[in-house]
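Below is structure_16.txt, which holds compact mmCIF, C-alpha atoms.
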```
# COMPACT_ATOMS: atom_id res chain seq x y z
CA ALA A 15 0.00 0.00 0.00
CA LEU A 16 2.81 2.40 0.88
CA ALA A 17 4.50 1.86 -2.49
CA ALA A 18 1.21 2.57 -4.30
CA PHE A 19 0.65 5.76 -2.30
CA GLU A 20 4.20 6.90 -3.05
CA ARG A 21 3.66 6.42 -6.78
CA ALA A 22 0.40 8.35 -6.62
CA HIS A 23 2.03 11.15 -4.62
CA THR A 24 4.77 11.44 -7.24
CA ILE A 25 2.17 11.87 -9.98
CA LYS A 26 -0.06 14.28 -8.03
CA PRO A 27 1.00 15.43 -4.53
CA HIS A 28 -2.01 15.67 -2.23
CA ALA A 29 -2.64 16.02 1.50
CA LEU A 30 -4.79 12.88 1.63
CA THR A 31 -2.08 10.80 -0.05
CA ALA A 32 0.50 12.15 2.41
CA TYR A 33 -1.87 11.24 5.26
CA ASN A 34 -2.25 7.69 3.94
CA MET A 35 1.53 7.36 3.71
CA GLY A 36 1.81 8.54 7.31
CA VAL A 37 -0.63 5.84 8.42
CA ALA A 38 1.30 3.18 6.49
CA GLU A 39 4.68 4.29 7.87
CA ARG A 40 3.25 4.24 11.41
CA SER A 41 2.02 0.69 10.89
CA LEU A 42 5.52 -0.29 9.73
CA GLY A 43 7.04 1.23 12.88
CA ARG A 44 8.93 3.95 10.99
CA LEU A 45 7.81 6.79 13.19
CA THR A 46 10.12 9.58 12.03
CA ARG A 47 8.89 9.02 8.48
CA SER A 48 5.27 8.85 9.69
CA ARG A 49 5.74 12.13 11.56
CA ALA A 50 7.08 13.81 8.43
CA ARG A 51 4.13 12.61 6.34
CA PHE A 52 1.48 13.70 8.85
CA ARG A 53 3.10 17.14 9.09
CA GLU A 54 3.21 17.35 5.29
CA ALA A 55 -0.47 16.39 5.05
CA LEU A 56 -1.52 19.07 7.54
CA ALA A 57 0.68 21.71 5.87
CA ARG A 58 -0.74 20.92 2.42
CA ASN A 59 -4.26 21.04 3.78
CA ASP A 60 -3.63 24.42 5.41
CA ALA A 61 -2.16 25.73 2.14
CA ALA A 62 -5.32 24.51 0.33
CA GLN A 63 -7.50 26.28 2.93
CA GLY A 64 -8.72 22.96 4.34
CA LYS A 65 -9.98 21.60 1.02
CA GLU A 66 -7.70 18.54 0.71
CA LEU A 67 -8.63 16.79 3.96
CA ALA A 68 -12.09 16.17 5.37
CA GLY A 69 -12.56 17.61 8.85
CA THR A 70 -12.49 14.23 10.58
CA ILE A 71 -9.38 13.12 8.68
CA ALA A 72 -7.56 16.34 9.59
CA GLU A 73 -8.46 15.67 13.24
CA ASP A 74 -7.17 12.10 12.90
CA ALA A 75 -3.93 13.40 11.36
CA ARG A 76 -3.36 15.76 14.29
CA ALA A 77 -4.15 13.03 16.83
CA LEU A 78 -1.89 10.47 15.14
CA LEU A 79 0.89 13.05 14.86
CA ALA A 80 0.66 13.79 18.59
CA GLU A 81 0.72 10.05 19.37
CA VAL A 82 3.77 9.49 17.17
CA GLU A 83 5.58 12.44 18.76
CA THR A 84 5.20 10.91 22.24
CA ARG A 85 6.78 7.63 21.09
CA LEU A 86 9.82 9.08 19.36
CA VAL A 87 13.14 9.12 21.23
CA ARG A 88 15.61 11.96 21.60
CA ILE A 89 19.32 11.29 21.83
CA GLU A 90 21.71 14.10 22.66
CA VAL A 91 25.05 13.41 20.97
CA THR A 92 28.27 15.23 21.85
CA LEU A 93 31.19 15.01 19.42
CA ASP A 94 34.77 16.10 19.95
CA ARG A 95 35.27 16.65 16.19
CA THR A 96 32.69 18.52 14.17
CA ASP A 97 34.32 17.53 10.87
CA ALA A 98 33.68 13.83 11.49
CA GLY A 99 31.13 12.00 9.38
CA PHE A 100 28.02 11.31 11.46
CA SER A 101 25.33 8.68 10.94
CA VAL A 102 22.62 6.72 12.73
CA ASP A 103 22.27 3.11 11.60
CA GLY A 104 24.40 3.87 8.56
CA ARG A 105 22.18 6.73 7.37
CA PRO A 106 22.91 10.47 7.51
CA VAL A 107 20.61 12.60 9.64
CA VAL A 108 18.73 15.59 8.24
CA PRO A 109 17.83 18.91 9.91
CA ASP A 110 14.26 19.01 11.16
CA PRO A 111 12.29 21.75 9.32
CA TRP A 112 9.83 22.17 12.19
CA GLU A 113 12.03 22.26 15.28
CA PRO A 114 15.36 24.17 15.47
CA ASN A 115 18.51 22.40 16.71
CA LEU A 116 17.00 19.00 15.97
CA VAL A 117 18.14 16.42 13.41
CA VAL A 118 16.07 13.44 12.33
CA ALA A 119 17.22 9.86 11.75
CA GLY A 120 15.66 7.37 9.39
CA LEU A 121 14.69 9.75 6.58
CA SER A 122 17.78 9.44 4.36
CA PRO A 123 18.95 6.42 2.34
CA PRO A 124 22.24 4.75 3.33
CA ALA A 125 25.13 6.92 2.19
CA THR A 126 28.62 8.12 2.98
CA ASP A 127 28.63 9.83 6.34
CA VAL A 128 27.90 13.55 6.23
CA PRO A 129 29.95 15.84 8.55
CA ALA A 130 28.15 16.74 11.76
CA ASN A 131 29.31 20.40 11.59
CA ALA A 132 28.28 20.87 15.23
CA PRO A 133 29.71 19.75 18.59
CA ARG A 134 26.27 18.81 19.87
CA LEU A 135 23.29 17.26 18.09
CA VAL A 136 19.86 16.24 19.34
CA VAL A 137 18.73 13.27 17.26
CA LEU A 138 15.07 12.38 16.85
CA ALA A 139 14.77 8.64 16.15
CA ASP A 140 12.40 5.69 16.23
CA PRO A 141 12.32 3.66 19.43
CA GLY A 142 14.48 0.54 19.35
CA ARG A 143 18.13 -0.30 18.91
CA HIS A 144 20.40 2.19 17.17
CA VAL A 145 24.07 2.41 16.23
CA ILE A 146 25.37 5.98 16.28
CA SER A 147 28.72 6.50 14.54
CA ALA A 148 31.35 9.16 13.93
CA ILE A 149 34.04 8.44 11.33
CA ARG A 150 37.03 10.44 10.12
CA GLN A 151 40.04 9.39 8.08
CA GLY A 152 43.05 8.74 10.28
CA TYR A 153 40.95 8.13 13.39
CA VAL A 154 39.52 5.04 15.07
CA PRO A 155 35.73 5.05 14.40
CA ALA A 156 33.64 5.96 17.45
CA THR A 157 30.31 4.18 17.92
CA ALA A 158 27.59 4.00 20.53
CA GLU A 159 25.01 1.21 20.36
CA GLY A 160 22.00 0.84 22.60
CA ASP A 161 18.27 0.23 23.01
CA HIS A 162 15.94 3.20 23.37
CA ARG A 163 12.48 2.88 24.89
CA PRO A 164 9.54 4.79 23.34
CA GLY A 165 9.53 8.40 24.47
CA SER A 166 12.93 8.11 26.17
CA ARG A 167 15.69 10.72 26.33
CA SER A 168 19.35 9.82 26.56
CA SER A 169 22.82 11.16 25.81
CA VAL A 170 26.01 9.74 24.33
CA ARG A 171 29.50 11.06 23.68
CA LEU A 172 31.57 10.09 20.65
CA SER A 173 35.31 10.63 21.02
CA LEU A 174 37.61 10.01 18.08
CA VAL A 175 41.14 8.81 18.80
CA GLU A 176 43.88 9.25 16.22
CA GLN A 177 45.16 6.05 14.65
CA ASP A 178 48.84 5.33 15.08
CA THR A 179 51.08 5.75 12.06
CA GLU A 180 53.25 3.01 10.59
CA LEU A 181 56.82 3.93 9.75
CA SER A 182 59.18 1.49 8.06
CA ILE A 183 62.89 2.34 8.24
CA ASP A 184 65.55 0.73 6.09
CA CYS A 185 69.20 1.49 5.42
CA GLU A 186 71.63 0.84 2.60
CA VAL A 187 74.15 -0.33 5.20
CA LYS A 188 73.70 -3.59 7.07
CA ASN A 189 73.39 -3.66 10.88
CA ALA A 190 72.65 0.05 11.13
CA ALA A 191 71.26 1.11 14.52
CA VAL A 192 68.11 3.24 14.57
CA ARG A 193 67.03 5.82 17.14
CA VAL A 194 63.61 7.49 17.07
CA ASP A 195 62.97 10.52 19.26
CA GLY A 196 66.22 9.82 21.08
CA VAL A 197 65.37 6.19 21.92
CA ASP A 198 67.11 3.12 20.48
CA VAL A 199 64.52 1.08 18.61
CA GLY A 200 66.61 -1.63 16.93
CA ILE A 201 68.49 -2.57 13.79
CA ALA A 202 67.26 -1.63 10.31
CA PRO A 203 65.14 -2.75 8.57
CA LEU A 204 62.26 -2.38 11.01
CA VAL A 205 58.64 -1.24 11.19
CA LEU A 206 57.39 1.03 13.98
CA ARG A 207 54.01 2.31 15.10
CA ARG A 208 54.01 5.86 16.42
CA PRO A 209 51.46 8.62 17.15
CA ALA A 210 50.87 11.18 14.43
CA GLY A 211 53.17 14.19 14.43
CA LYS A 212 56.84 14.99 13.98
CA HIS A 213 59.49 12.43 14.94
CA SER A 214 63.27 12.61 14.77
CA VAL A 215 65.05 9.64 13.19
CA GLU A 216 68.77 8.91 13.52
CA VAL A 217 70.63 6.02 11.89
CA ARG A 218 74.23 5.08 12.78
CA ALA A 219 76.62 2.48 11.40
CA GLN A 220 80.30 1.93 12.03
CA GLY A 221 82.46 3.66 9.41
CA TYR A 222 79.62 5.91 8.16
CA GLN A 223 78.48 9.43 8.88
CA PRO A 224 75.31 9.51 11.03
CA TYR A 225 72.07 9.98 9.11
CA ALA A 226 69.47 12.21 10.75
CA THR A 227 66.11 13.56 9.61
CA THR A 228 62.67 14.54 10.85
CA VAL A 229 59.49 12.92 9.56
CA ASP A 230 56.01 14.41 9.86
CA LEU A 231 53.46 11.59 10.05
CA ARG A 232 49.72 11.96 9.55
CA ALA A 233 47.23 9.85 11.49
CA GLY A 234 46.74 6.42 9.98
CA GLU A 235 49.50 7.00 7.42
CA ARG A 236 52.03 4.39 6.29
CA SER A 237 55.44 5.86 5.48
CA ALA A 238 58.77 4.43 4.40
CA LEU A 239 62.21 5.92 5.02
CA LEU A 240 65.46 4.78 3.39
CA ALA A 241 68.61 6.05 5.06
CA ARG A 242 71.36 6.75 2.54
CA MET A 243 74.67 6.94 4.38
CA LYS A 244 78.08 8.32 3.40
CA PHE A 245 81.47 6.87 4.30
CA GLU A 246 83.11 8.59 7.22
CA GLU A 247 86.34 10.28 6.07
```
As a first step, turn the structure in this file into structure tokens.
Amino acid sequence: ALAAFERAHTIKPHALTAYNMGVAERSLGRLTRSRARFREALARNDAAQGKELAGTIAEDARALLAEVETRLVRIEVTLDRTDAGFSVDGRPVVPDPWEPNLVVAGLSPPATDVPANAPRLVVLADPGRHVISAIRQGYVPATAEGDHRPGSRSSVRLSLVEQDTELSIDCEVKNAAVRVDGVDVGIAPLVLRRPAGKHSVEVRAQGYQPYATTVDLRAGERSALLARMKFEE
């Protein structure tokens, strides 16, 4: 029935069709979508000066909308990075056109995470189990998963931690000793994991001039360094 109403609404948008879609979405348990359809039906009816919905159906739409609103859950999400991609159950959230500072889950198709662009979001979602995620390149994904009772309010915090970098160090000379940030780490070749940022690398071998450099590593990056050494005169 929902698919048929959607096709009809595409051909000729109408408040009654939007109302019928709201009823169908409510029956399927998709309450954020039902809420959007009931609000659309009432808005279209108001724009048509009450001519698209019979009086009793308009009353039913308002009553069903109020009932759906009481069952929806609100989740306050705090993020430490506003440029991180944010999603609920693998779907981006969308700003709510009727209530400021509110974003709605369950309205968008699955897609690449859209940046949150805010340190705090209040998410309106269906009751049930949800996975809330923040993802950014070079960082360990942050997720919060939990069950939410109808009408409940809760809060979660998503903190992104930088991934370590991987640095492989090799040398043209055998048995060369390697120091990173002033600490002996072994004989080249070797592979190290280090936090992102700048690191000093020093390579020494008997009979050769010391090799020294500084590497600037980005989070999650894999880098390779080859020490080219000169004979000591």
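In terms of minimum interatomic distance to Arg167 (chain A), A:Asp140 ranks closest within A:Glu246, A:Asp110, A:Asp127, A:Asp140, counting only C-alpha atoms.
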Given only C-alpha atoms as the counted atoms, nearest of A:Val128, A:Val82, A:Val194, A:Ile89 to Ser168 (chain A)
A:Ile89
Write out as a ChimeraX atom specification which residues come within 7 Å of Val205 (chain A) when counting all atoms listed in the file, dropping same-chain ones fewer than 6 positions away.
/A:180-183
Work out how far CA of Asn59 (chain A) is from CA of Glu113 (chain A), in Å to one decimal.
20.0 Å
Identify which of the residues A:His28, A:Arg21, A:Arg47, A:Arg193 lies closest to Asp60 (chain A), counting all atoms listed in the file when measuring atom-to-atom distances.
A:His28
Expected residue set, 10 Å radius at (-1.3, 4.3, 12.7), only C-alpha atoms, as a PyMOL selection string:
chain A and resi 34-43+45+48+74-75+78-79+81-82
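Minimum atom-to-atom distance to Tyr33 (chain A), evaluated using only C-alpha atoms, belongs to A:Glu54 out of A:Glu247, A:Asp103, A:Glu20, A:Glu54.
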Put the listed atoms of region 123-142 of chain A in a box along x, y and z with 5 Å added on every side and give me the centre and edge lengths in Å to one decimal, as JSON.
```
{"center_x": 21.1, "center_y": 10.7, "center_z": 11.0, "size_x": 27.6, "size_y": 30.3, "size_z": 27.7}
```
Just to confirm, what's the straight-line distance from CA of Ile71 (chain A) to CA of Ala57 (chain A) in Å (one decimal)?
13.5 Å
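Minimum atom-to-atom distances from A:Leu174, A:Ala22, A:Val217, A:Ala190 to Arg150 (chain A) were compared using only C-alpha atoms, and the lowest value belongs to A:Leu174.
Among the candidates A:Arg95, A:Pro106, A:Ala233, A:Ala32, the residue lying nearest to Ala72 (chain A) is A:Ala32 (atoms considered: only C-alpha atoms).
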